[in-house]
Amino acid sequence: MQIRVRCRCGEGNCEEWAIVELQGVVEPQPGFQDSLPNLEIGTLCRPSSQEVYTLTIGYHELTGSKVPLKKPMVVLKKVKHPDGESGCQVELQVVGIIRHRILFKTRPKAIISKDSW
């Protein structure tokens, strides 16, 4: 079976993606087990023009940095065609290219808010 890979974004104009790499496990609360797709787990910020990122999950804050990948990766989307179109049934479309990862390798800091009395 032949699988065609097609890039519709043009030469060098593919959308840039990044991988967020965490050390450890992110476990959702039992009430969220059924709704894991599109579940927001935190807020990712880049507070300045530097390559330093902050990820806030609940009452925990992680600090990470942008690291280039040794080899870029491609994000693909599988598209099924009806029989007879373009001679193949399955086609892979390039959605984006991953050239960097945001690496959080330190332990999280606890965020403690002060009560305003």
# chains A, B, ... in the order shown; residues from 1 in each chain; ligands from 1
>>> select_by_dssp(residues="segment 15-113 of chain A", states="helix (DSSP H, G or I)", output="PyMOL selection string")
chain A and resi 30-35
>>> write_last_selection(atoms="C-alpha atoms", output="short mmCIF file (atom, residue, chain, number, x, y, z; two decimals), in the first residue's frame")
data_model
loop_
_atom_site.label_atom_id
_atom_site.label_comp_id
_atom_site.auth_asym_id
_atom_site.auth_seq_id
_atom_site.Cartn_x
_atom_site.Cartn_y
_atom_site.Cartn_z
CA PRO A 30 -10.67 11.62 39.45
CA GLY A 31 -13.53 13.86 38.28
CA PHE A 32 -11.66 14.78 35.07
CA GLN A 33 -10.80 11.25 33.86
CA ASP A 34 -13.57 11.26 31.22
CA SER A 35 -12.67 14.68 29.76
#
>>> residues_around(residues="segment 13-17 of chain A", least_positions_apart="5", cutoff="6 Å", atoms="only C-alpha atoms", output="PyMOL selection string")
chain A and resi 96-98
>>> closest_residue(among="A:His100, A:Lys80, A:Lys109, A:Lys70", to="Thr56 of chain A", atoms="only C-alpha atoms")
A:Lys109
>>> select_by_dssp(residues="chain A", states="strand (DSSP E)", output="MDAnalysis selection string")
chainID A and resid 4:6 15:22 43:45 52:57 60:80 90:104 109:110
>>> write_last_selection(atoms="C-alpha atoms", output="PDB file, in the first residue's frame")
ATOM      1  CA  ARG A   4       1.424   9.794   0.116  1.00  0.00           C
ATOM      2  CA  VAL A   5       2.862  12.571   2.320  1.00  0.00           C
ATOM      3  CA  ARG A   6       1.780  16.051   1.213  1.00  0.00           C
ATOM      4  CA  GLU A  15       3.562  26.137  11.281  1.00  0.00           C
ATOM      5  CA  GLU A  16       6.130  25.892  14.094  1.00  0.00           C
ATOM      6  CA  TRP A  17       5.254  23.667  17.053  1.00  0.00           C
ATOM      7  CA  ALA A  18       7.174  22.878  20.240  1.00  0.00           C
ATOM      8  CA  ILE A  19       7.253  19.941  22.650  1.00  0.00           C
ATOM      9  CA  VAL A  20       6.666  20.619  26.351  1.00  0.00           C
ATOM     10  CA  GLU A  21       8.801  18.149  28.308  1.00  0.00           C
ATOM     11  CA  LEU A  22       8.100  17.606  31.999  1.00  0.00           C
ATOM     12  CA  THR A  43      -0.637  28.313  32.028  1.00  0.00           C
ATOM     13  CA  LEU A  44       2.531  28.586  29.943  1.00  0.00           C
ATOM     14  CA  CYS A  45       4.159  32.033  29.898  1.00  0.00           C
ATOM     15  CA  VAL A  52      12.917  31.295  29.817  1.00  0.00           C
ATOM     16  CA  TYR A  53       9.413  29.875  30.231  1.00  0.00           C
ATOM     17  CA  THR A  54       7.144  29.529  33.263  1.00  0.00           C
ATOM     18  CA  LEU A  55       4.476  26.842  33.615  1.00  0.00           C
ATOM     19  CA  THR A  56       1.948  27.269  36.415  1.00  0.00           C
ATOM     20  CA  ILE A  57      -0.099  24.212  37.361  1.00  0.00           C
ATOM     21  CA  HIS A  60       3.048  24.919  41.553  1.00  0.00           C
ATOM     22  CA  GLU A  61       5.359  26.911  39.288  1.00  0.00           C
ATOM     23  CA  LEU A  62       7.987  25.384  37.020  1.00  0.00           C
ATOM     24  CA  THR A  63      10.762  27.218  35.186  1.00  0.00           C
ATOM     25  CA  GLY A  64      12.087  25.880  31.903  1.00  0.00           C
ATOM     26  CA  SER A  65      14.146  26.771  28.881  1.00  0.00           C
ATOM     27  CA  LYS A  66      13.860  26.426  25.113  1.00  0.00           C
ATOM     28  CA  VAL A  67      16.179  23.728  23.764  1.00  0.00           C
ATOM     29  CA  PRO A  68      16.680  22.914  20.052  1.00  0.00           C
ATOM     30  CA  LEU A  69      16.061  19.336  18.928  1.00  0.00           C
ATOM     31  CA  LYS A  70      18.950  17.469  17.310  1.00  0.00           C
ATOM     32  CA  LYS A  71      16.661  16.441  14.445  1.00  0.00           C
ATOM     33  CA  PRO A  72      13.365  18.201  13.631  1.00  0.00           C
ATOM     34  CA  MET A  73      10.104  16.251  13.780  1.00  0.00           C
ATOM     35  CA  VAL A  74       7.029  16.527  11.598  1.00  0.00           C
ATOM     36  CA  VAL A  75       3.417  16.578  12.846  1.00  0.00           C
ATOM     37  CA  LEU A  76       1.207  14.606  10.462  1.00  0.00           C
ATOM     38  CA  LYS A  77      -2.556  14.313   9.991  1.00  0.00           C
ATOM     39  CA  LYS A  78      -4.045  11.170   8.460  1.00  0.00           C
ATOM     40  CA  VAL A  79      -6.624  11.821   5.719  1.00  0.00           C
ATOM     41  CA  LYS A  80      -8.674   9.007   4.204  1.00  0.00           C
ATOM     42  CA  VAL A  90      -4.650   7.117   2.807  1.00  0.00           C
ATOM     43  CA  GLU A  91      -2.683  10.380   2.677  1.00  0.00           C
ATOM     44  CA  LEU A  92      -0.591  12.059   5.372  1.00  0.00           C
ATOM     45  CA  GLN A  93      -0.657  15.860   5.473  1.00  0.00           C
ATOM     46  CA  VAL A  94       2.066  17.902   7.171  1.00  0.00           C
ATOM     47  CA  VAL A  95       0.465  20.025   9.895  1.00  0.00           C
ATOM     48  CA  GLY A  96       3.596  21.467  11.498  1.00  0.00           C
ATOM     49  CA  ILE A  97       7.294  21.106  12.209  1.00  0.00           C
ATOM     50  CA  ILE A  98       8.811  20.708  15.674  1.00  0.00           C
ATOM     51  CA  ARG A  99      12.298  22.182  15.979  1.00  0.00           C
ATOM     52  CA  HIS A 100      12.424  23.023  19.718  1.00  0.00           C
ATOM     53  CA  ARG A 101      11.320  21.649  23.052  1.00  0.00           C
ATOM     54  CA  ILE A 102      10.550  23.550  26.217  1.00  0.00           C
ATOM     55  CA  LEU A 103      12.321  21.598  28.936  1.00  0.00           C
ATOM     56  CA  PHE A 104      11.247  21.799  32.581  1.00  0.00           C
ATOM     57  CA  LYS A 109       8.239  25.827  43.432  1.00  0.00           C
ATOM     58  CA  ALA A 110       5.194  26.136  45.649  1.00  0.00           C
TER      59      ALA A 110
END
>>> atom_distance(atom1="atom CA of Pro82 of chain A", atom2="atom CA of Asn38 of chain A")
29.6 Å
>>> atom_distance(atom1="atom CA of Gly24 of chain A", atom2="atom CA of Leu39 of chain A")
18.3 Å
>>> closest_residue(among="A:Gln50, A:Ile41, A:Gln23, A:Arg8", to="Thr106 of chain A", atoms="only C-alpha atoms")
A:Gln23
